[in-house]
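Have a look at data25.tsv below; it lists TSV, N, CA and C atoms.
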chain	number	residue	atom	x	y	z
A	128	MET	N	19.44	45.06	1.14
A	128	MET	CA	19.91	44.02	0.24
A	128	MET	C	21.41	43.80	0.48
A	129	PRO	N	21.83	42.55	0.71
A	129	PRO	CA	23.24	42.31	0.97
A	129	PRO	C	24.09	42.51	-0.28
A	130	SER	N	25.28	43.04	-0.07
A	130	SER	CA	26.19	43.23	-1.19
A	130	SER	C	26.83	41.90	-1.55
A	131	ALA	N	27.49	41.88	-2.70
A	131	ALA	CA	28.14	40.65	-3.16
A	131	ALA	C	29.22	40.22	-2.17
A	132	GLY	N	29.91	41.20	-1.59
A	132	GLY	CA	30.95	40.89	-0.60
A	132	GLY	C	30.38	40.25	0.65
A	133	GLU	N	29.23	40.75	1.10
A	133	GLU	CA	28.60	40.16	2.29
A	133	GLU	C	28.13	38.74	2.01
A	134	THR	N	27.57	38.53	0.82
A	134	THR	CA	27.10	37.19	0.44
A	134	THR	C	28.28	36.23	0.35
A	135	THR	N	29.36	36.67	-0.28
A	135	THR	CA	30.56	35.83	-0.38
A	135	THR	C	31.13	35.55	1.00
A	136	GLY	N	31.17	36.57	1.84
A	136	GLY	CA	31.68	36.39	3.20
A	136	GLY	C	30.85	35.41	3.99
A	137	ALA	N	29.54	35.50	3.87
A	137	ALA	CA	28.65	34.57	4.58
A	137	ALA	C	28.83	33.16	4.05
A	138	PHE	N	29.00	33.02	2.74
A	138	PHE	CA	29.21	31.71	2.14
A	138	PHE	C	30.52	31.11	2.64
A	139	MET	N	31.58	31.91	2.64
A	139	MET	CA	32.89	31.43	3.10
A	139	MET	C	32.83	31.04	4.57
A	140	LEU	N	32.15	31.83	5.38
A	140	LEU	CA	32.00	31.52	6.79
A	140	LEU	C	31.24	30.22	6.97
A	141	SER	N	30.19	30.03	6.20
A	141	SER	CA	29.41	28.80	6.26
A	141	SER	C	30.26	27.59	5.91
A	142	LYS	N	31.08	27.71	4.87
A	142	LYS	CA	31.96	26.60	4.47
A	142	LYS	C	33.00	26.31	5.55
A	143	GLU	N	33.55	27.35	6.16
A	143	GLU	CA	34.53	27.17	7.23
A	143	GLU	C	33.90	26.47	8.42
A	144	ILE	N	32.68	26.84	8.76
A	144	ILE	CA	31.97	26.18	9.86
A	144	ILE	C	31.73	24.71	9.53
A	145	ASP	N	31.36	24.43	8.29
A	145	ASP	CA	31.17	23.03	7.87
A	145	ASP	C	32.46	22.23	8.01
A	146	LEU	N	33.59	22.83	7.61
A	146	LEU	CA	34.88	22.16	7.73
A	146	LEU	C	35.23	21.91	9.20
A	147	LEU	N	35.00	22.91	10.04
A	147	LEU	CA	35.30	22.76	11.46
A	147	LEU	C	34.42	21.70	12.12
A	148	MET	N	33.17	21.63	11.73
A	148	MET	CA	32.28	20.62	12.29
A	148	MET	C	32.69	19.21	11.85
A	149	ALA	N	33.13	19.08	10.60
A	149	ALA	CA	33.62	17.78	10.12
A	149	ALA	C	34.88	17.38	10.87
A	150	GLU	N	35.78	18.34	11.09
A	150	GLU	CA	37.01	18.06	11.83
A	150	GLU	C	36.69	17.68	13.27
A	151	ARG	N	35.73	18.37	13.89
A	151	ARG	CA	35.32	18.03	15.25
A	151	ARG	C	34.80	16.61	15.31
A	152	SER	N	34.02	16.23	14.31
A	152	SER	CA	33.49	14.87	14.26
A	152	SER	C	34.61	13.84	14.21
A	153	HIS	N	35.61	14.10	13.39
A	153	HIS	CA	36.75	13.18	13.30
A	153	HIS	C	37.53	13.13	14.61
A	154	LEU	N	37.75	14.29	15.21
A	154	LEU	CA	38.49	14.34	16.47
A	154	LEU	C	37.72	13.66	17.60
A	155	LEU	N	36.39	13.78	17.59
A	155	LEU	CA	35.59	13.08	18.60
A	155	LEU	C	35.72	11.57	18.45
A	156	ARG	N	35.78	11.09	17.21
A	156	ARG	CA	35.96	9.64	17.00
A	156	ARG	C	37.33	9.19	17.51
A	157	VAL	N	38.36	9.99	17.26
A	157	VAL	CA	39.70	9.66	17.77
A	157	VAL	C	39.70	9.65	19.30
A	158	ALA	N	39.11	10.68	19.89
A	158	ALA	CA	39.06	10.76	21.36
A	158	ALA	C	38.23	9.62	21.94
A	159	GLY	N	37.14	9.27	21.29
A	159	GLY	CA	36.31	8.17	21.76
A	159	GLY	C	37.05	6.85	21.71
A	160	ALA	N	37.74	6.61	20.61
A	160	ALA	CA	38.53	5.37	20.49
A	160	ALA	C	39.64	5.34	21.53
A	161	ALA	N	40.29	6.47	21.75
A	161	ALA	CA	41.34	6.54	22.77
A	161	ALA	C	40.77	6.28	24.15
A	162	ALA	N	39.62	6.86	24.44
A	162	ALA	CA	38.99	6.65	25.75
A	162	ALA	C	38.63	5.19	25.96
A	163	GLN	N	38.10	4.57	24.93
A	163	GLN	CA	37.74	3.15	25.03
A	163	GLN	C	38.99	2.30	25.22
A	164	PHE	N	40.05	2.62	24.49
A	164	PHE	CA	41.31	1.90	24.63
A	164	PHE	C	41.86	2.02	26.05
A	165	VAL	N	41.86	3.24	26.57
A	165	VAL	CA	42.36	3.48	27.93
A	165	VAL	C	41.53	2.71	28.95
A	166	ALA	N	40.22	2.68	28.74
A	166	ALA	CA	39.34	1.98	29.68
A	166	ALA	C	39.59	0.48	29.68
A	167	LEU	N	39.98	-0.07	28.55
A	167	LEU	CA	40.15	-1.52	28.44
A	167	LEU	C	41.58	-2.01	28.59
A	168	MET	N	42.56	-1.10	28.48
A	168	MET	CA	43.95	-1.55	28.49
A	168	MET	C	44.38	-2.00	29.89
A	169	GLU	N	45.25	-2.97	29.89
A	169	GLU	CA	45.88	-3.43	31.12
A	169	GLU	C	47.28	-2.83	31.13
A	170	SER	N	47.45	-1.77	31.88
A	170	SER	CA	48.73	-1.05	31.84
A	170	SER	C	49.91	-1.92	32.26
A	171	ARG	N	49.67	-2.86	33.14
A	171	ARG	CA	50.78	-3.72	33.59
A	171	ARG	C	51.26	-4.67	32.49
A	172	SER	N	50.40	-4.95	31.52
A	172	SER	CA	50.79	-5.89	30.47
A	172	SER	C	51.38	-5.19	29.24
A	173	LEU	N	51.42	-3.86	29.25
A	173	LEU	CA	51.99	-3.13	28.12
A	173	LEU	C	53.51	-3.20	28.17
A	174	PRO	N	54.16	-3.25	27.01
A	174	PRO	CA	55.62	-3.21	26.99
A	174	PRO	C	56.13	-1.88	27.57
A	175	ALA	N	57.25	-1.93	28.22
A	175	ALA	CA	57.82	-0.73	28.83
A	175	ALA	C	58.08	0.36	27.78
A	176	SER	N	58.32	-0.05	26.54
A	176	SER	CA	58.63	0.92	25.48
A	176	SER	C	57.46	1.83	25.13
A	177	VAL	N	56.24	1.48	25.53
A	177	VAL	CA	55.08	2.32	25.25
A	177	VAL	C	54.42	2.86	26.51
A	178	ALA	N	55.02	2.61	27.65
A	178	ALA	CA	54.42	3.02	28.93
A	178	ALA	C	54.23	4.53	29.01
A	179	THR	N	55.20	5.30	28.58
A	179	THR	CA	55.11	6.76	28.65
A	179	THR	C	53.96	7.27	27.77
A	180	GLU	N	53.87	6.74	26.55
A	180	GLU	CA	52.81	7.16	25.64
A	180	GLU	C	51.44	6.75	26.16
A	181	ALA	N	51.35	5.55	26.73
A	181	ALA	CA	50.07	5.08	27.29
A	181	ALA	C	49.64	5.96	28.46
A	182	GLU	N	50.60	6.35	29.29
A	182	GLU	CA	50.29	7.23	30.42
A	182	GLU	C	49.84	8.61	29.92
A	183	LEU	N	50.51	9.13	28.92
A	183	LEU	CA	50.14	10.42	28.33
A	183	LEU	C	48.73	10.35	27.73
A	184	LEU	N	48.44	9.26	27.04
A	184	LEU	CA	47.11	9.08	26.47
A	184	LEU	C	46.05	9.03	27.56
A	185	ALA	N	46.30	8.26	28.60
A	185	ALA	CA	45.35	8.15	29.71
A	185	ALA	C	45.13	9.50	30.39
A	186	GLU	N	46.20	10.24	30.63
A	186	GLU	CA	46.08	11.55	31.26
A	186	GLU	C	45.29	12.52	30.36
A	187	SER	N	45.54	12.45	29.06
A	187	SER	CA	44.84	13.34	28.12
A	187	SER	C	43.35	13.02	28.08
A	188	VAL	N	43.01	11.74	28.05
A	188	VAL	CA	41.60	11.34	28.05
A	188	VAL	C	40.94	11.77	29.35
A	189	ASN	N	41.62	11.56	30.46
A	189	ASN	CA	41.05	11.91	31.77
A	189	ASN	C	40.89	13.42	31.95
A	190	ALA	N	41.65	14.21	31.19
A	190	ALA	CA	41.56	15.67	31.30
A	190	ALA	C	40.41	16.26	30.47
A	191	LEU	N	39.77	15.44	29.64
A	191	LEU	CA	38.66	15.95	28.82
A	191	LEU	C	37.48	16.33	29.70
A	192	PRO	N	36.80	17.41	29.35
A	192	PRO	CA	35.56	17.73	30.06
A	192	PRO	C	34.55	16.59	29.88
A	193	GLU	N	33.71	16.41	30.88
A	193	GLU	CA	32.77	15.29	30.87
A	193	GLU	C	31.87	15.29	29.64
A	194	ASP	N	31.37	16.46	29.25
A	194	ASP	CA	30.47	16.49	28.09
A	194	ASP	C	31.19	16.15	26.79
A	195	THR	N	32.46	16.55	26.68
A	195	THR	CA	33.25	16.21	25.50
A	195	THR	C	33.51	14.71	25.46
A	196	LEU	N	33.84	14.14	26.61
A	196	LEU	CA	34.08	12.70	26.68
A	196	LEU	C	32.80	11.93	26.32
A	197	ARG	N	31.67	12.40	26.80
A	197	ARG	CA	30.39	11.76	26.47
A	197	ARG	C	30.14	11.82	24.96
A	198	ASP	N	30.38	12.99	24.35
A	198	ASP	CA	30.22	13.13	22.90
A	198	ASP	C	31.19	12.22	22.15
A	199	ALA	N	32.42	12.11	22.66
A	199	ALA	CA	33.43	11.27	22.01
A	199	ALA	C	33.03	9.80	22.06
A	200	LEU	N	32.56	9.35	23.19
A	200	LEU	CA	32.13	7.95	23.30
A	200	LEU	C	30.89	7.69	22.45
A	201	SER	N	30.02	8.66	22.36
A	201	SER	CA	28.84	8.52	21.50
A	201	SER	C	29.24	8.44	20.03
A	202	ALA	N	30.32	9.12	19.67
A	202	ALA	CA	30.77	9.14	18.28
A	202	ALA	C	31.26	7.77	17.82
A	203	ILE	N	31.69	6.92	18.74
A	203	ILE	CA	32.18	5.60	18.34
A	203	ILE	C	31.19	4.49	18.65
A	204	THR	N	30.08	4.83	19.27
A	204	THR	CA	29.08	3.83	19.61
A	204	THR	C	28.05	3.77	18.50
A	205	ARG	N	27.93	2.62	17.87
A	205	ARG	CA	26.97	2.45	16.79
A	205	ARG	C	25.58	2.21	17.36
A	206	PRO	N	24.57	2.75	16.69
A	206	PRO	CA	23.20	2.42	17.10
A	206	PRO	C	22.96	0.92	17.01
A	207	ARG	N	22.09	0.41	17.82
A	207	ARG	CA	21.82	-1.03	17.90
A	207	ARG	C	21.50	-1.65	16.54
A	208	GLN	N	20.76	-0.97	15.69
A	208	GLN	CA	20.38	-1.51	14.38
A	208	GLN	C	21.61	-1.79	13.52
A	209	GLU	N	22.62	-0.91	13.56
A	209	GLU	CA	23.82	-1.11	12.76
A	209	GLU	C	24.62	-2.30	13.25
A	210	GLU	N	24.64	-2.55	14.56
A	210	GLU	CA	25.40	-3.66	15.12
A	210	GLU	C	24.81	-5.00	14.70
A	211	ASP	N	23.50	-5.05	14.48
A	211	ASP	CA	22.83	-6.30	14.15
A	211	ASP	C	23.00	-6.70	12.69
A	212	ARG	N	23.49	-5.81	11.87
A	212	ARG	CA	23.64	-6.12	10.43
A	212	ARG	C	24.78	-7.05	10.17
Go ahead and render the structure in this file as structure tokens.
Amino acid sequence: MPSAGETTGAFMLSKEIDLLMAERSHLLRVAGAAAQFVALMESRSLPASVATEAELLAESVNALPEDTLRDALSAITRPRQEEDR
């Protein structure tokens, strides 16, 4: 039989995992939006004042592992039914 401390510890761990998964979901949406922006941006038409940041963003997106990038793009892609509404 688990002690009260073990039960509390398991509960706290479960809540922490839930928080981390929610944060991952938000970060995947940010990464997906950034990847889409990088894919569509015309770097030559950007103002010089943002060129460094745009390059850093592009390099960061390109450095993502392929499976993470796939998850990120999936996070911002709505299912077909939602788009039709």
In Å to one decimal, how far is atom C of Ala199 (chain A) from atom C of Leu155 (chain A)?
4.8 Å
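When CA of Ser201 (chain A) is paired with CA of Met168 (chain A), their separation reads 19.5 Å.
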Just give me the gap between CA of Ser176 (chain A) and CA of Ala190 (chain A) in Å, one decimal is fine.
23.3 Å
Which residue is closest to Ile203 (chain A)? Choose from A:Thr134, A:Gly159, A:Ser152, A:Glu143 and count all atoms listed in the file.
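Comparing A:Thr134, A:Gly159, A:Ser152, A:Glu143 against Ile203 (chain A), the winner is A:Gly159.
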Which residues come within 12 Å of Leu191 (chain A), counting only C-alpha atoms, excluding same-chain residues fewer than 3 positions away, as a PyMOL selection string?
chain A and resi 155+158-159+161-162+184-188+194-200
Using DSSP on the backbone coordinates, identify all residues within chain A classified as alpha helix (DSSP H); present the result as a count of residues only.
64
